[in-house]
Number of protein chains: 2
Amino acid sequence: MKARIVKLFCRKRIRGPRRHVQLLVATSAVIMMVLFFLIFVRFFGGVASNNPGSPWYYYCESGICKKAEIIENVTSPLCLGICQLFCGEVGGIWPKPTGHTSFGNYMAKLNPYEITLSGVDFGSITGQLIQENVNKLKQNIMNLASIDTIKKGGYSLILNIIGQFNNEAPILTINTSENYTINIYQKDNKLYADISSATYFGIRHAIETLSQLIVYDDLYGEIKITRDVYIQDGPVFPYRGILLDTARNFIDKATILRTIEAMSMSKLNTFHWHITDSHSFPYSSRTWPNMPRYGAYSSAKIYTEKDIKEIINFGILNGVRVIPEFDAPAHIGEGWQWVGHNSTVCFKAEPWQQYCVEPPCGQLNPTSEKVYEILEGIYTDMLRDFQPDFFHMGGDEVSIKCWNSSNLIKDWMIDHGLDFSETSFYKLWNYFQSKAYETLIKANNGNKLPVILWTSGLTNEDNLQFLDPKKYIIQIWTTKTDNTIGRLIKNDFRVIFSNYDALYLDCGFGAWIGEGNNWCAPYKAWQNIYENSPMKILENQGFSKKHKHLVLGSEAALWSEQVDSTSVDSRLWPRSAALAERLWSDPSSSWIHAEQRMLKHRERLVQRGILADSLEPEWCLQNQGHCYL
Amino acid sequence: MKARIVKLFCRKRIRGPRRHVQLLVATSAVIMMVLFFLIFVRFFGGVASNNPGSPWYYYCESGICKKAEIIENVTSPLCLGICQLFCGEVGGIWPKPTGHTSFGNYMAKLNPYEITLSGVDFGSITGQLIQENVNKLKQNIMNLASIDTIKKGGYSLILNIIGQFNNEAPILTINTSENYTINIYQKDNKLYADISSATYFGIRHAIETLSQLIVYDDLYGEIKITRDVYIQDGPVFPYRGILLDTARNFIDKATILRTIEAMSMSKLNTFHWHITDSHSFPYSSRTWPNMPRYGAYSSAKIYTEKDIKEIINFGILNGVRVIPEFDAPAHIGEGWQWVGHNSTVCFKAEPWQQYCVEPPCGQLNPTSEKVYEILEGIYTDMLRDFQPDFFHMGGDEVSIKCWNSSNLIKDWMIDHGLDFSETSFYKLWNYFQSKAYETLIKANNGNKLPVILWTSGLTNEDNLQFLDPKKYIIQIWTTKTDNTIGRLIKNDFRVIFSNYDALYLDCGFGAWIGEGNNWCAPYKAWQNIYENSPMKILENQGFSKKHKHLVLGSEAALWSEQVDSTSVDSRLWPRSAALAERLWSDPSSSWIHAEQRMLKHRERLVQRGILADSLEPEWCLQNQGHCYL
């Protein structure tokens, strides 16, 4: 079988992650086509597609795909999808590769029914996971167009996996390499993709990259793949996350799975699960089944052990690890009603403004031994369910006024030689945190486990002494100019950025208490997220690249006061993809240079079933370079 | 069969639309229950449900459903859904009825499989439409819970339709009565709903109201209906609309149908279809098939005659009429390329800021006879396809600079004795508008048709003389304090409010040109929309209620630069429901009094398949009165 090959008259070679090579490519190609190939008139005939009779084709000029009319002397017109692969940066791959990248001149017609896998042990767990990714690749290709518009035939493709994997289930930790190389070429009438990585996770990323090099040519009704491609790739930051809050509103399992799958499309790797809060307790603790019974919004709104297992396994398949957060001593409330023994303080206290940042208020009573007994059970359950390499203990927004309202606590403080000054309450908080940490380690069979805490009163100048940078990683939710950041770096804390001025994706909607807009308005645009560079934030606080090892990465946060399963997709996507490129590639260029790839990536997300928001009129995608300020 | 009846120990009677009667209802009821019915312990046993073992029930106190623990002496606990029906305003109906309303004390168990229709001629079009509504009612009931959790049995329900309908297809115009009454009662072991209206549209609204009086009792696993209900209802404003722009981005047919269905759930009645713009031409004009061929984003992104017929028929079924807009002389561009003859001016002109408000620029050449020939074809096609009672001619954002850039136009102006002053260009615009209007009437076989125009330079003080209030209705998109409003009212124009400071639902997201947030940020919260009272706007401009006849109503606008099929639901809902109540009921009370019903209505929309945004934590729904400022 001989499949049609479209020669593109363009050659492109980009070396290294940050070299922006302007290529003299397509202008001349188009001029050549127009001048020399006057033989075939392809106005209607010959161009069979799901865009029949389209009068438009595209050519590449100065890195931009330009739209033009198919007039009589235009032969072999290119569709937009193919033009995008060769015109502009890195073949439209999102996030853009960081190592050596080279693209050939050709597209080959691909037979999506003949994609096979070689070089893996199909009996091994890793082999099975890779096979699942190949199945998903096929599905994604079939989603590019409706099946009846895809012409039959084309080259077969063999994915050849190069790597040594043992027979254990792969585990993604902060130290796991995610690097890979991919080499696509044609030999003996077949297409090959050699994929090499030290880990399953690198292989998975490579298959994602491969999928982005396959397009549907809507002028010819054919699936096509970029030929003669070599890509070396790996992430700049190891922690590339999304936080999802499932307590303010419940998020159903299907939506969590869809979120993880969408993350994998942008090579994000950490799903931070803020599973409980004052508002609800949807976690099915086996030790304390009364917690979800009293605390879930309904019995249908609980994550069972089986649900969590499914989510974690789906995470591994998609290169995403799951980190649970059990936020304490604030951000608790619903679910604790059955415990008694004065385990909580100021739950549902009113007026709530006096005791907390939003209703309902609620904090653990740090002086209650019962509290630590309950915590040990919860920690034990979570460690067994999640088997995380980090544990998130929350620790944000503790209200001194709340604790100060409890005589029980104040009596304990007097007994322990504390007055009721702010300093004393911080000592009380430290007492809680230390004891909760010990409880966690005990629940982990005495094994140490890195713990993440939010920036809070404990990370203030006076209190940071309470925290040990060997034990704690700090997640920054305050603004990018908060001098807490500098303090943390100076004190050798590893940090994760979730600065709300860029990374809180719930901002900018209507207020849910009172009227007007919500507290962290305005809405954070993708451009803002793309520009939110951890290294630039550090630089602006006077630090150099030598502190990079302290920056694990960033995380977009979706707090769910005004989000549930219906809107998770539209809040997260495509904005989280902007975060993904910032963390994977850390480009020196600004969002403007990523805009066309971003528009294309958003279309990709939608094609794969993610209800990602639209960023611009489709006109801007079809008329590149015309939507500027 | 004898079904269980829950007596609620509460009696509620509200007369008239705006009387807020505080009822001494449930506090005493609950106290009575707690004191006198100590016989049955219903802690776990007896309460079978999809919320098994829930420790919570609800009781009504001061118009609020309060959550409490089911302790030993609580018998017959109420679920939240039932409490909401009797506690607070009008049984949770959205929008709230405007006439006499009375509620009994009882819930009856309903057998959703035994709902039948009587009093209609099933052979008639209206009869068939009503039957379809009853089928949808049944489907909505089944969506209240998963089928295996609904216990069998219950009373059958007969919908008895009282009205005289001829055998013609019902037509909804601005003058159609939508009033209805509904009377639900029990007789001889059956439930009856007597529904009376002069029109199909009133009957349809009544069935919607009925559906909102049926709940799933999750403590008992039963479908229940409010018994002994009488409601007299009808809208305050006749024009209650949503604008959807399908040109900046294409919106698929399924999404349009879903939008119409969602509108019907809030009794909105006008779908204003901004079908074309400079960005794309998705309308399949039969006279000019080249318009969509050149102007659609792809051949798959075109509304065919069949699509439009389906949408219009679905609109009638759902009590929603469809009004097409063909915006001119600005807001045109894509699709006109094939016409030639200098039919358009400054299309894709750059820098675009000099010629229009957003890329791509484009205006019709008012001096070209070819333009009117094309317009006549488009108008003819649209009038045949839509058969509207109003036609929207757009007419916004005409750029004088654009026309001024064309020598062809300037030559014509000189020939017609015009200089190049602003006044002359307004005369040119008036020339276009008058001629386009004549063309429309010609396309309508010489029959007059009310035309809607946007506020624009033509509605300025100097130019309003050009417009005849007998011909034109003005849709106001400027702010609620714009003194254009007063000018229009003074000059006897009928108006529709779409003031962007409350009713532009695309506002508040990221910029799509440049960075930051979009031009009309911030996001318009539902509270703002609810408070956007047309009569208050008039009052603030010094007019009294005697001008009410000039206010047809309002319309929420969803411009689609940053919206496509993925996000239409979340942008429109539940915010458009706030508009719906403002227009149907025009309550004198503020959003705070509607908040709990709004939260419930949002859940209703989601249950029926609309991806409506979440407004608040579910905690606020389950803990009424605790989420305040």
# chains A, B, ... in the order shown; residues from 1 in each chain; ligands from 1
call {"tool": "select_by_dssp", "arguments": {"residues": "region 72-305 of chain A", "states": "strand (DSSP E)", "output": "PyMOL selection string"}}
result
chain A and resi 101-103+106-118+155-162+180-187+190-196+214-217+222-226+229-233+239-245+270-274
call {"tool": "residues_around", "arguments": {"residues": "Tyr57 (chain B)", "least_positions_apart": "5", "cutoff": "8 Å", "atoms": "only C-alpha atoms", "output": "list in words"}}
result
Lys67, Ala68, Glu69, Ile70, Pro77, Leu78, Cys79 and Leu80 of chain B
call {"tool": "interface_residues", "arguments": {"of": "chain B", "to": "chain A", "cutoff": "7 Å", "atoms": "only C-alpha atoms", "output": "PDB file with N, CA, C and O atoms, in the first residue's frame"}}
result
ATOM      1  N   ASN B  50     -32.043   6.938  49.668  1.00  0.00           N
ATOM      2  CA  ASN B  50     -30.698   6.976  49.099  1.00  0.00           C
ATOM      3  C   ASN B  50     -29.796   7.815  49.998  1.00  0.00           C
ATOM      4  O   ASN B  50     -28.713   8.197  49.627  1.00  0.00           O
ATOM      5  N   ASN B  51     -30.271   8.100  51.160  1.00  0.00           N
ATOM      6  CA  ASN B  51     -29.472   8.818  52.138  1.00  0.00           C
ATOM      7  C   ASN B  51     -29.520   8.012  53.429  1.00  0.00           C
ATOM      8  O   ASN B  51     -29.896   8.518  54.482  1.00  0.00           O
ATOM      9  N   PRO B  52     -29.175   6.716  53.326  1.00  0.00           N
ATOM     10  CA  PRO B  52     -29.452   5.813  54.451  1.00  0.00           C
ATOM     11  C   PRO B  52     -28.686   6.212  55.690  1.00  0.00           C
ATOM     12  O   PRO B  52     -27.526   6.613  55.627  1.00  0.00           O
ATOM     13  N   SER B  54     -28.934   8.746  57.452  1.00  0.00           N
ATOM     14  CA  SER B  54     -28.614  10.156  57.658  1.00  0.00           C
ATOM     15  C   SER B  54     -29.038  10.555  59.065  1.00  0.00           C
ATOM     16  O   SER B  54     -30.152  10.276  59.484  1.00  0.00           O
ATOM     17  N   PRO B  55     -28.174  11.175  59.807  1.00  0.00           N
ATOM     18  CA  PRO B  55     -28.575  11.590  61.155  1.00  0.00           C
ATOM     19  C   PRO B  55     -29.340  12.899  61.173  1.00  0.00           C
ATOM     20  O   PRO B  55     -29.671  13.395  62.235  1.00  0.00           O
ATOM     21  N   ARG B 248     -19.316  34.651  16.924  1.00  0.00           N
ATOM     22  CA  ARG B 248     -17.936  34.775  17.439  1.00  0.00           C
ATOM     23  C   ARG B 248     -17.387  33.374  17.661  1.00  0.00           C
ATOM     24  O   ARG B 248     -16.257  33.075  17.341  1.00  0.00           O
ATOM     25  N   ASN B 249     -18.177  32.523  18.274  1.00  0.00           N
ATOM     26  CA  ASN B 249     -17.914  31.097  18.252  1.00  0.00           C
ATOM     27  C   ASN B 249     -19.206  30.408  17.878  1.00  0.00           C
ATOM     28  O   ASN B 249     -20.296  30.908  18.177  1.00  0.00           O
ATOM     29  N   HIS B 279     -17.265  37.801  12.382  1.00  0.00           N
ATOM     30  CA  HIS B 279     -16.374  36.655  12.572  1.00  0.00           C
ATOM     31  C   HIS B 279     -16.776  35.425  11.783  1.00  0.00           C
ATOM     32  O   HIS B 279     -15.914  34.654  11.353  1.00  0.00           O
ATOM     33  N   ARG B 293     -20.676  29.174   2.925  1.00  0.00           N
ATOM     34  CA  ARG B 293     -19.511  28.453   2.401  1.00  0.00           C
ATOM     35  C   ARG B 293     -18.235  29.242   2.664  1.00  0.00           C
ATOM     36  O   ARG B 293     -17.229  28.693   3.126  1.00  0.00           O
ATOM     37  N   TYR B 294     -18.300  30.525   2.429  1.00  0.00           N
ATOM     38  CA  TYR B 294     -17.141  31.371   2.700  1.00  0.00           C
ATOM     39  C   TYR B 294     -17.066  31.788   4.169  1.00  0.00           C
ATOM     40  O   TYR B 294     -15.990  32.055   4.682  1.00  0.00           O
ATOM     41  N   SER B 298     -16.551  26.113   9.545  1.00  0.00           N
ATOM     42  CA  SER B 298     -16.353  24.889   8.771  1.00  0.00           C
ATOM     43  C   SER B 298     -17.715  24.472   8.259  1.00  0.00           C
ATOM     44  O   SER B 298     -18.742  25.014   8.691  1.00  0.00           O
ATOM     45  N   SER B 299     -17.727  23.512   7.371  1.00  0.00           N
ATOM     46  CA  SER B 299     -19.025  23.080   6.825  1.00  0.00           C
ATOM     47  C   SER B 299     -19.869  22.397   7.886  1.00  0.00           C
ATOM     48  O   SER B 299     -21.083  22.271   7.743  1.00  0.00           O
ATOM     49  N   ALA B 300     -19.213  21.952   8.966  1.00  0.00           N
ATOM     50  CA  ALA B 300     -19.977  21.333  10.059  1.00  0.00           C
ATOM     51  C   ALA B 300     -20.574  22.401  10.975  1.00  0.00           C
ATOM     52  O   ALA B 300     -21.425  22.096  11.798  1.00  0.00           O
ATOM     53  N   PRO B 359     -11.411  42.982  16.457  1.00  0.00           N
ATOM     54  CA  PRO B 359     -11.141  42.356  15.177  1.00  0.00           C
ATOM     55  C   PRO B 359     -12.079  41.173  14.923  1.00  0.00           C
ATOM     56  O   PRO B 359     -12.410  40.477  15.880  1.00  0.00           O
ATOM     57  N   GLY B 508     -16.189  39.659  32.694  1.00  0.00           N
ATOM     58  CA  GLY B 508     -15.452  39.293  33.897  1.00  0.00           C
ATOM     59  C   GLY B 508     -14.430  38.202  33.707  1.00  0.00           C
ATOM     60  O   GLY B 508     -13.760  37.824  34.678  1.00  0.00           O
ATOM     61  N   PHE B 509     -14.278  37.693  32.495  1.00  0.00           N
ATOM     62  CA  PHE B 509     -13.264  36.665  32.259  1.00  0.00           C
ATOM     63  C   PHE B 509     -11.990  37.349  31.758  1.00  0.00           C
ATOM     64  O   PHE B 509     -11.889  38.577  31.743  1.00  0.00           O
ATOM     65  N   GLY B 510     -10.994  36.531  31.376  1.00  0.00           N
ATOM     66  CA  GLY B 510      -9.736  37.100  30.899  1.00  0.00           C
ATOM     67  C   GLY B 510      -9.944  37.847  29.593  1.00  0.00           C
ATOM     68  O   GLY B 510     -10.908  37.596  28.861  1.00  0.00           O
ATOM     69  N   TRP B 512      -9.388  38.700  25.763  1.00  0.00           N
ATOM     70  CA  TRP B 512      -8.997  37.850  24.620  1.00  0.00           C
ATOM     71  C   TRP B 512      -8.127  38.639  23.639  1.00  0.00           C
ATOM     72  O   TRP B 512      -7.529  38.073  22.730  1.00  0.00           O
ATOM     73  N   ILE B 513      -8.040  39.919  23.867  1.00  0.00           N
ATOM     74  CA  ILE B 513      -7.096  40.766  23.142  1.00  0.00           C
ATOM     75  C   ILE B 513      -6.215  41.400  24.203  1.00  0.00           C
ATOM     76  O   ILE B 513      -6.723  42.077  25.102  1.00  0.00           O
ATOM     77  N   GLY B 514      -4.933  41.132  24.122  1.00  0.00           N
ATOM     78  CA  GLY B 514      -4.056  41.628  25.173  1.00  0.00           C
ATOM     79  C   GLY B 514      -4.220  40.804  26.438  1.00  0.00           C
ATOM     80  O   GLY B 514      -4.651  39.652  26.387  1.00  0.00           O
ATOM     81  N   GLU B 515      -3.898  41.404  27.583  1.00  0.00           N
ATOM     82  CA  GLU B 515      -3.987  40.658  28.836  1.00  0.00           C
ATOM     83  C   GLU B 515      -4.886  41.396  29.834  1.00  0.00           C
ATOM     84  O   GLU B 515      -5.452  42.423  29.517  1.00  0.00           O
ATOM     85  N   GLY B 516      -5.020  40.849  31.019  1.00  0.00           N
ATOM     86  CA  GLY B 516      -5.918  41.440  32.014  1.00  0.00           C
ATOM     87  C   GLY B 516      -7.305  40.823  31.879  1.00  0.00           C
ATOM     88  O   GLY B 516      -7.429  39.664  31.495  1.00  0.00           O
ATOM     89  N   ASN B 517      -8.337  41.620  32.171  1.00  0.00           N
ATOM     90  CA  ASN B 517      -9.697  41.080  32.108  1.00  0.00           C
ATOM     91  C   ASN B 517     -10.463  41.724  30.965  1.00  0.00           C
ATOM     92  O   ASN B 517     -10.059  42.741  30.419  1.00  0.00           O
ATOM     93  N   PRO B 522     -16.402  43.742  35.941  1.00  0.00           N
ATOM     94  CA  PRO B 522     -16.381  42.386  36.478  1.00  0.00           C
ATOM     95  C   PRO B 522     -17.561  41.522  36.015  1.00  0.00           C
ATOM     96  O   PRO B 522     -18.465  42.000  35.332  1.00  0.00           O
ATOM     97  N   TYR B 523     -17.465  40.280  36.434  1.00  0.00           N
ATOM     98  CA  TYR B 523     -18.515  39.277  36.277  1.00  0.00           C
ATOM     99  C   TYR B 523     -19.809  39.812  36.905  1.00  0.00           C
ATOM    100  O   TYR B 523     -19.778  40.443  37.959  1.00  0.00           O
ATOM    101  N   LYS B 524     -20.910  39.583  36.229  1.00  0.00           N
ATOM    102  CA  LYS B 524     -22.204  40.050  36.755  1.00  0.00           C
ATOM    103  C   LYS B 524     -22.833  38.955  37.619  1.00  0.00           C
ATOM    104  O   LYS B 524     -23.269  37.922  37.096  1.00  0.00           O
ATOM    105  N   ALA B 525     -22.872  39.196  38.896  1.00  0.00           N
ATOM    106  CA  ALA B 525     -23.403  38.199  39.822  1.00  0.00           C
ATOM    107  C   ALA B 525     -24.927  38.118  39.716  1.00  0.00           C
ATOM    108  O   ALA B 525     -25.582  39.068  39.292  1.00  0.00           O
ATOM    109  N   GLN B 527     -27.091  38.243  41.934  1.00  0.00           N
ATOM    110  CA  GLN B 527     -27.749  39.230  42.797  1.00  0.00           C
ATOM    111  C   GLN B 527     -27.952  40.547  42.039  1.00  0.00           C
ATOM    112  O   GLN B 527     -29.005  41.190  42.142  1.00  0.00           O
ATOM    113  N   GLU B 561     -17.512  35.662  22.191  1.00  0.00           N
ATOM    114  CA  GLU B 561     -16.064  35.723  21.951  1.00  0.00           C
ATOM    115  C   GLU B 561     -15.324  34.684  22.783  1.00  0.00           C
ATOM    116  O   GLU B 561     -14.311  34.142  22.362  1.00  0.00           O
ATOM    117  N   GLN B 562     -15.795  34.444  23.995  1.00  0.00           N
ATOM    118  CA  GLN B 562     -15.073  33.544  24.891  1.00  0.00           C
ATOM    119  C   GLN B 562     -15.990  32.443  25.411  1.00  0.00           C
ATOM    120  O   GLN B 562     -15.849  31.969  26.542  1.00  0.00           O
ATOM    121  N   VAL B 563     -16.917  32.057  24.575  1.00  0.00           N
ATOM    122  CA  VAL B 563     -17.900  31.043  24.945  1.00  0.00           C
ATOM    123  C   VAL B 563     -18.132  30.185  23.717  1.00  0.00           C
ATOM    124  O   VAL B 563     -18.244  30.717  22.615  1.00  0.00           O
ATOM    125  N   ASP B 564     -18.154  28.891  23.876  1.00  0.00           N
ATOM    126  CA  ASP B 564     -18.749  28.070  22.820  1.00  0.00           C
ATOM    127  C   ASP B 564     -19.579  26.971  23.478  1.00  0.00           C
ATOM    128  O   ASP B 564     -19.959  27.122  24.655  1.00  0.00           O
ATOM    129  N   THR B 566     -19.129  24.413  24.964  1.00  0.00           N
ATOM    130  CA  THR B 566     -18.704  23.843  26.251  1.00  0.00           C
ATOM    131  C   THR B 566     -19.157  24.673  27.448  1.00  0.00           C
ATOM    132  O   THR B 566     -19.308  24.137  28.538  1.00  0.00           O
ATOM    133  N   SER B 567     -19.349  25.969  27.255  1.00  0.00           N
ATOM    134  CA  SER B 567     -19.549  26.833  28.424  1.00  0.00           C
ATOM    135  C   SER B 567     -20.853  27.627  28.436  1.00  0.00           C
ATOM    136  O   SER B 567     -21.090  28.409  29.355  1.00  0.00           O
ATOM    137  N   SER B 570     -22.884  27.098  31.729  1.00  0.00           N
ATOM    138  CA  SER B 570     -22.365  27.680  32.963  1.00  0.00           C
ATOM    139  C   SER B 570     -22.435  29.206  32.955  1.00  0.00           C
ATOM    140  O   SER B 570     -22.577  29.822  34.005  1.00  0.00           O
ATOM    141  N   LEU B 611     -25.800  22.238  32.933  1.00  0.00           N
ATOM    142  CA  LEU B 611     -24.548  22.381  33.680  1.00  0.00           C
ATOM    143  C   LEU B 611     -24.467  23.789  34.301  1.00  0.00           C
ATOM    144  O   LEU B 611     -23.550  24.565  34.032  1.00  0.00           O
ATOM    145  N   ALA B 612     -25.443  24.085  35.131  1.00  0.00           N
ATOM    146  CA  ALA B 612     -25.507  25.403  35.772  1.00  0.00           C
ATOM    147  C   ALA B 612     -24.393  25.534  36.804  1.00  0.00           C
ATOM    148  O   ALA B 612     -24.093  24.579  37.520  1.00  0.00           O
ATOM    149  N   ASP B 613     -23.802  26.713  36.881  1.00  0.00           N
ATOM    150  CA  ASP B 613     -22.760  26.978  37.866  1.00  0.00           C
ATOM    151  C   ASP B 613     -23.290  26.831  39.282  1.00  0.00           C
ATOM    152  O   ASP B 613     -24.463  27.117  39.552  1.00  0.00           O
ATOM    153  N   SER B 614     -22.400  26.440  40.157  1.00  0.00           N
ATOM    154  CA  SER B 614     -22.735  26.412  41.575  1.00  0.00           C
ATOM    155  C   SER B 614     -22.560  27.825  42.139  1.00  0.00           C
ATOM    156  O   SER B 614     -21.609  28.521  41.796  1.00  0.00           O
ATOM    157  N   LEU B 615     -23.484  28.254  42.972  1.00  0.00           N
ATOM    158  CA  LEU B 615     -23.413  29.610  43.524  1.00  0.00           C
ATOM    159  C   LEU B 615     -22.777  29.660  44.897  1.00  0.00           C
ATOM    160  O   LEU B 615     -22.146  30.645  45.268  1.00  0.00           O
ATOM    161  N   GLU B 616     -22.973  28.603  45.674  1.00  0.00           N
ATOM    162  CA  GLU B 616     -22.551  28.606  47.073  1.00  0.00           C
ATOM    163  C   GLU B 616     -22.206  27.178  47.476  1.00  0.00           C
ATOM    164  O   GLU B 616     -22.566  26.240  46.772  1.00  0.00           O
ATOM    165  N   PRO B 617     -21.531  27.037  48.604  1.00  0.00           N
ATOM    166  CA  PRO B 617     -21.331  25.675  49.111  1.00  0.00           C
ATOM    167  C   PRO B 617     -22.688  25.009  49.362  1.00  0.00           C
ATOM    168  O   PRO B 617     -23.630  25.692  49.783  1.00  0.00           O
ATOM    169  N   GLU B 618     -22.763  23.717  49.132  1.00  0.00           N
ATOM    170  CA  GLU B 618     -24.012  23.015  49.429  1.00  0.00           C
ATOM    171  C   GLU B 618     -24.364  23.187  50.905  1.00  0.00           C
ATOM    172  O   GLU B 618     -25.529  23.106  51.285  1.00  0.00           O
ATOM    173  N   TRP B 619     -23.375  23.458  51.688  1.00  0.00           N
ATOM    174  CA  TRP B 619     -23.584  23.699  53.111  1.00  0.00           C
ATOM    175  C   TRP B 619     -24.612  24.817  53.346  1.00  0.00           C
ATOM    176  O   TRP B 619     -25.417  24.744  54.282  1.00  0.00           O
ATOM    177  N   HIS B 626     -27.307  30.593  57.488  1.00  0.00           N
ATOM    178  CA  HIS B 626     -25.979  30.720  58.099  1.00  0.00           C
ATOM    179  C   HIS B 626     -24.945  31.380  57.182  1.00  0.00           C
ATOM    180  O   HIS B 626     -23.860  31.717  57.625  1.00  0.00           O
ATOM    181  N   CYS B 627     -25.290  31.535  55.882  1.00  0.00           N
ATOM    182  CA  CYS B 627     -24.327  32.134  54.946  1.00  0.00           C
ATOM    183  C   CYS B 627     -24.762  33.564  54.632  1.00  0.00           C
ATOM    184  O   CYS B 627     -25.413  33.816  53.624  1.00  0.00           O
ATOM    185  N   TYR B 628     -24.440  34.444  55.520  1.00  0.00           N
ATOM    186  CA  TYR B 628     -24.870  35.843  55.395  1.00  0.00           C
ATOM    187  C   TYR B 628     -23.663  36.745  55.522  1.00  0.00           C
ATOM    188  O   TYR B 628     -22.575  36.297  55.897  1.00  0.00           O
ATOM    189  N   LEU B 629     -23.858  37.987  55.197  1.00  0.00           N
ATOM    190  CA  LEU B 629     -22.749  38.939  55.379  1.00  0.00           C
ATOM    191  C   LEU B 629     -23.012  39.792  56.609  1.00  0.00           C
ATOM    192  O   LEU B 629     -24.096  40.332  56.782  1.00  0.00           O
TER     193      LEU B 629
END
call {"tool": "residues_around", "arguments": {"residues": "Asn342 (chain B)", "least_positions_apart": "2", "cutoff": "10 Å", "atoms": "only C-alpha atoms", "output": "MDAnalysis selection string"}}
result
chainID B and resid 336:337 339:340 344:345 364:365 367:368 370:371 406 408:409
call {"tool": "atom_distance", "arguments": {"atom1": "CA of Asp381 (chain A)", "atom2": "CA of Val322 (chain A)"}}
result
14.8 Å
call {"tool": "decode", "arguments": {"residues": "region 67-84 of chain B", "atoms": "C-alpha atoms", "output": "PDB file, in the first residue's frame"}}
result
ATOM      1  CA  LYS B  67     -31.170  21.132  60.341  1.00  0.00           C
ATOM      2  CA  ALA B  68     -31.276  18.994  63.447  1.00  0.00           C
ATOM      3  CA  GLU B  69     -30.185  15.569  64.532  1.00  0.00           C
ATOM      4  CA  ILE B  70     -32.686  12.730  64.459  1.00  0.00           C
ATOM      5  CA  ILE B  71     -32.576  11.835  68.083  1.00  0.00           C
ATOM      6  CA  GLU B  72     -34.689   9.213  69.753  1.00  0.00           C
ATOM      7  CA  ASN B  73     -37.865  11.190  70.172  1.00  0.00           C
ATOM      8  CA  VAL B  74     -38.066  12.596  66.639  1.00  0.00           C
ATOM      9  CA  THR B  75     -40.776  10.873  64.651  1.00  0.00           C
ATOM     10  CA  SER B  76     -41.625  11.397  60.981  1.00  0.00           C
ATOM     11  CA  PRO B  77     -38.576  13.530  60.281  1.00  0.00           C
ATOM     12  CA  LEU B  78     -38.799  15.761  57.217  1.00  0.00           C
ATOM     13  CA  CYS B  79     -36.187  15.836  54.502  1.00  0.00           C
ATOM     14  CA  LEU B  80     -34.896  19.174  53.247  1.00  0.00           C
ATOM     15  CA  GLY B  81     -36.804  18.982  49.950  1.00  0.00           C
ATOM     16  CA  ILE B  82     -40.163  18.714  51.694  1.00  0.00           C
ATOM     17  CA  CYS B  83     -39.326  21.319  54.288  1.00  0.00           C
ATOM     18  CA  GLN B  84     -38.438  23.746  51.484  1.00  0.00           C
TER      19      GLN B  84
END
